[in-house]
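Here is the structure we will look at, set down as structure tokens.
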Amino acid sequence: MKSNGKMAQLTATPRTEKKGAALRLLRQGGRVPAVVYGPGQEGAAIHVDEKEMLKMARTGRSEMFNLSVEGGKTVPVLIKDQQERNGRLLHVDFLQISKNKPISVSVSIDFQGTAAGSKAGGVFQTQETQLEVEGLPADLPTSIEVDVSGLEIGDRLTAGDIKLDKGLTLVTSPDSIVASVMPPQAVEEEPTASADEAAPEAEEGQSAEE
């Protein structure tokens, strides 16, 4: 899926507030603190409307749009990173880009169809949900559609098996397994450890909340 026609635009306001209390006030007022980075320059602190930002965020991080900074200039950007909590946006990083310079981004994989192996009793599993690709901003898709209907039991789909649109180059290792169809008995045989044996491992694997 690609965006066609006129690029969307988001208006931003410069900010000097960088402390926790001031940022909380911004958020309470429906604004999202953000930073826009450009080639060879430090990040500029801004804030944007949360509702408008959510519309942009839903289109995907590879979607290019114009960021118009009040009192400044309008530049094409991508969403580089965003922090969320309980469905609210806390902070966004924008990356200023050049329309004529290729960039690398991670694009979501949109799995299409039902694997033939699943219909035969196998279990479809996804190992990757994104692919890193490189291309000109205008050529970057918001998602990459992958038809998995031909996968049989025991088949594996690698990143290199996925056909990309013209103008895109795969950055992810072509050997990376994206999806597979496992025999049903293989899935059933995996959880062999008892509850007592598994408990310590689960505790070690937990990450501390920030």
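Lettering and numbering for the structure tokens are positional, with chains as A, B, ... in the shown order, residues counted from 1 in each chain, and ligands counted from 1 in the shown order.
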* To do: Step one, run DSSP on the backbone; step two, keep only residues of stretch 69-140 of chain A assigned to helix (DSSP H, G or I); then write them as a ChimeraX atom specification.
  => /A:116-119,137-139
* Which neighbours of stretch 112-125 of chain A fall inside 7 Å, counting only C-alpha atoms, when residues of the same chain fewer than 4 positions from it are skipped, and could you give them as a PyMOL selection string? -> chain A and resi 145-153+179-184
* Can you check which residues of stretch 114-161 of chain A DSSP gives as strand (DSSP E or B) on the backbone and send them as number ranges by chain? => A: 123-126, 130-135, 143-147, 156-158
Put those residues in a file: all heavy atoms, as a compact mmCIF listing (two decimals), in the first residue's frame.
```txt
# COMPACT_ATOMS: atom_id res chain seq x y z
N VAL A 123 0.43 -25.75 12.00
CA VAL A 123 0.30 -24.51 12.75
C VAL A 123 1.15 -23.43 12.10
O VAL A 123 2.37 -23.56 12.01
CB VAL A 123 0.73 -24.70 14.23
CG1 VAL A 123 0.60 -23.38 14.99
CG2 VAL A 123 -0.11 -25.78 14.89
N PHE A 124 0.48 -22.36 11.65
CA PHE A 124 1.18 -21.24 11.02
C PHE A 124 1.80 -20.36 12.09
O PHE A 124 1.14 -19.96 13.05
CB PHE A 124 0.20 -20.43 10.16
CG PHE A 124 0.81 -19.22 9.53
CD1 PHE A 124 1.66 -19.33 8.43
CD2 PHE A 124 0.55 -17.95 10.03
CE1 PHE A 124 2.23 -18.23 7.85
CE2 PHE A 124 1.10 -16.83 9.45
CZ PHE A 124 1.95 -16.96 8.36
N GLN A 125 3.09 -20.06 11.94
CA GLN A 125 3.79 -19.22 12.92
C GLN A 125 4.53 -18.10 12.20
O GLN A 125 5.08 -18.30 11.11
CB GLN A 125 4.80 -20.05 13.73
CG GLN A 125 4.15 -21.14 14.57
CD GLN A 125 5.18 -21.92 15.37
OE1 GLN A 125 6.35 -22.01 14.99
NE2 GLN A 125 4.75 -22.49 16.49
N THR A 126 4.54 -16.92 12.81
CA THR A 126 5.29 -15.79 12.26
C THR A 126 6.50 -15.52 13.15
O THR A 126 6.38 -15.42 14.37
CB THR A 126 4.43 -14.52 12.18
OG1 THR A 126 3.93 -14.18 13.48
CG2 THR A 126 3.25 -14.75 11.24
N GLN A 130 8.13 -7.43 10.58
CA GLN A 130 8.60 -6.27 9.81
C GLN A 130 9.80 -6.66 8.97
O GLN A 130 10.54 -7.60 9.29
CB GLN A 130 9.00 -5.12 10.75
CG GLN A 130 7.86 -4.50 11.53
CD GLN A 130 8.32 -3.31 12.35
OE1 GLN A 130 9.43 -3.28 12.86
NE2 GLN A 130 7.46 -2.31 12.48
N LEU A 131 9.98 -5.94 7.88
CA LEU A 131 11.17 -6.07 7.05
C LEU A 131 11.84 -4.70 6.96
O LEU A 131 11.17 -3.68 6.84
CB LEU A 131 10.80 -6.52 5.63
CG LEU A 131 10.42 -7.97 5.38
CD1 LEU A 131 10.17 -8.18 3.89
CD2 LEU A 131 11.51 -8.92 5.87
N GLU A 132 13.16 -4.70 7.02
CA GLU A 132 13.88 -3.44 6.81
C GLU A 132 14.24 -3.35 5.33
O GLU A 132 14.85 -4.27 4.77
CB GLU A 132 15.15 -3.38 7.66
CG GLU A 132 15.84 -2.02 7.57
CD GLU A 132 17.00 -1.87 8.52
OE1 GLU A 132 17.28 -2.83 9.28
OE2 GLU A 132 17.65 -0.82 8.50
N VAL A 133 13.83 -2.27 4.71
CA VAL A 133 14.08 -2.07 3.29
C VAL A 133 14.68 -0.69 3.07
O VAL A 133 14.59 0.19 3.93
CB VAL A 133 12.79 -2.22 2.45
CG1 VAL A 133 12.22 -3.62 2.58
CG2 VAL A 133 11.75 -1.18 2.86
N GLU A 134 15.26 -0.50 1.91
CA GLU A 134 15.84 0.80 1.55
C GLU A 134 15.26 1.26 0.22
O GLU A 134 15.06 0.46 -0.70
CB GLU A 134 17.36 0.70 1.45
CG GLU A 134 18.04 2.03 1.12
CD GLU A 134 19.55 1.90 1.04
OE1 GLU A 134 20.04 1.49 -0.03
OE2 GLU A 134 20.22 2.19 2.04
N GLY A 135 15.01 2.55 0.14
CA GLY A 135 14.49 3.10 -1.11
C GLY A 135 14.26 4.60 -0.97
O GLY A 135 14.41 5.17 0.11
N SER A 143 3.07 -0.81 4.04
CA SER A 143 3.12 -2.21 4.45
C SER A 143 3.52 -3.05 3.24
O SER A 143 3.43 -2.59 2.10
CB SER A 143 1.76 -2.69 5.00
OG SER A 143 0.78 -2.64 3.99
N ILE A 144 3.97 -4.27 3.51
CA ILE A 144 4.38 -5.19 2.45
C ILE A 144 3.46 -6.40 2.50
O ILE A 144 3.45 -7.14 3.49
CB ILE A 144 5.84 -5.62 2.61
CG1 ILE A 144 6.78 -4.41 2.50
CG2 ILE A 144 6.22 -6.69 1.58
CD1 ILE A 144 8.23 -4.73 2.79
N GLU A 145 2.66 -6.60 1.47
CA GLU A 145 1.74 -7.72 1.43
C GLU A 145 2.47 -9.00 1.04
O GLU A 145 3.23 -9.02 0.07
CB GLU A 145 0.61 -7.45 0.44
CG GLU A 145 -0.32 -6.32 0.87
CD GLU A 145 -1.52 -6.18 -0.04
OE1 GLU A 145 -1.60 -6.94 -1.05
OE2 GLU A 145 -2.40 -5.34 0.25
N VAL A 146 2.23 -10.05 1.81
CA VAL A 146 2.87 -11.35 1.57
C VAL A 146 1.79 -12.43 1.54
O VAL A 146 1.08 -12.63 2.54
CB VAL A 146 3.91 -11.67 2.66
CG1 VAL A 146 4.52 -13.05 2.41
CG2 VAL A 146 5.00 -10.61 2.69
N ASP A 147 1.66 -13.12 0.43
CA ASP A 147 0.68 -14.20 0.29
C ASP A 147 1.28 -15.49 0.85
O ASP A 147 2.30 -15.98 0.36
CB ASP A 147 0.31 -14.38 -1.18
CG ASP A 147 -0.77 -15.44 -1.40
OD1 ASP A 147 -1.29 -15.97 -0.40
OD2 ASP A 147 -1.08 -15.72 -2.57
N ARG A 156 9.07 -23.04 5.05
CA ARG A 156 9.51 -21.81 5.71
C ARG A 156 9.61 -20.70 4.68
O ARG A 156 10.09 -20.93 3.57
CB ARG A 156 10.88 -22.00 6.37
CG ARG A 156 10.88 -22.96 7.55
CD ARG A 156 12.26 -23.08 8.16
NE ARG A 156 12.26 -23.89 9.36
CZ ARG A 156 13.34 -24.09 10.13
NH1 ARG A 156 14.50 -23.56 9.76
NH2 ARG A 156 13.24 -24.83 11.21
N LEU A 157 9.15 -19.53 5.06
CA LEU A 157 9.25 -18.35 4.19
C LEU A 157 10.34 -17.45 4.73
O LEU A 157 10.31 -17.05 5.89
CB LEU A 157 7.91 -17.60 4.18
CG LEU A 157 7.87 -16.31 3.35
CD1 LEU A 157 7.86 -16.65 1.86
CD2 LEU A 157 6.64 -15.48 3.72
N THR A 158 11.34 -17.15 3.91
CA THR A 158 12.43 -16.28 4.34
C THR A 158 12.23 -14.88 3.75
O THR A 158 11.45 -14.68 2.82
CB THR A 158 13.79 -16.83 3.89
OG1 THR A 158 13.87 -16.78 2.45
CG2 THR A 158 13.99 -18.26 4.38
```
* Non-local contacts of A:Thr11 (12 Å; only C-alpha atoms; under 3 positions in same chain excluded) as a count of residues only -> 27
* **9 Å contact set for A:Leu89, only C-alpha atoms, chain neighbours under 4 positions out, as a PyMOL selection string** => chain A and resi 27+32-33+50+53-54+82-85
* Point-to-point distance from atom CA of A:Gly38 to atom CA of A:Ser98, Å rounded to tenths ->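 Separating atom CA of A:Gly38 from atom CA of A:Ser98 is a distance of 9.5 Å.
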* To do: Find the distance between atom CA of A:Leu95 and atom CA of A:Tyr37 and write it in Å to one decimal.
  =>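 Computed distance, atom CA of A:Leu95 to atom CA of A:Tyr37, equals 5.0 Å.
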* Counting only C-alpha atoms, figure out which residue out of A:Gly29, A:Asn86, A:Val178, A:Lys166 gets nearest to A:Asp110. => A:Val178
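Compared by their closest atoms to A:Leu136, and using only C-alpha atoms, the residues A:Met64, A:Asp93, A:Lys80, A:Val171 rank with A:Met64 nearest.
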* Go through A:Gly167, A:Gly20, A:Thr13, A:Phe94 and flag the residue nearest A:Val35, using only C-alpha atoms for the distances. => A:Phe94
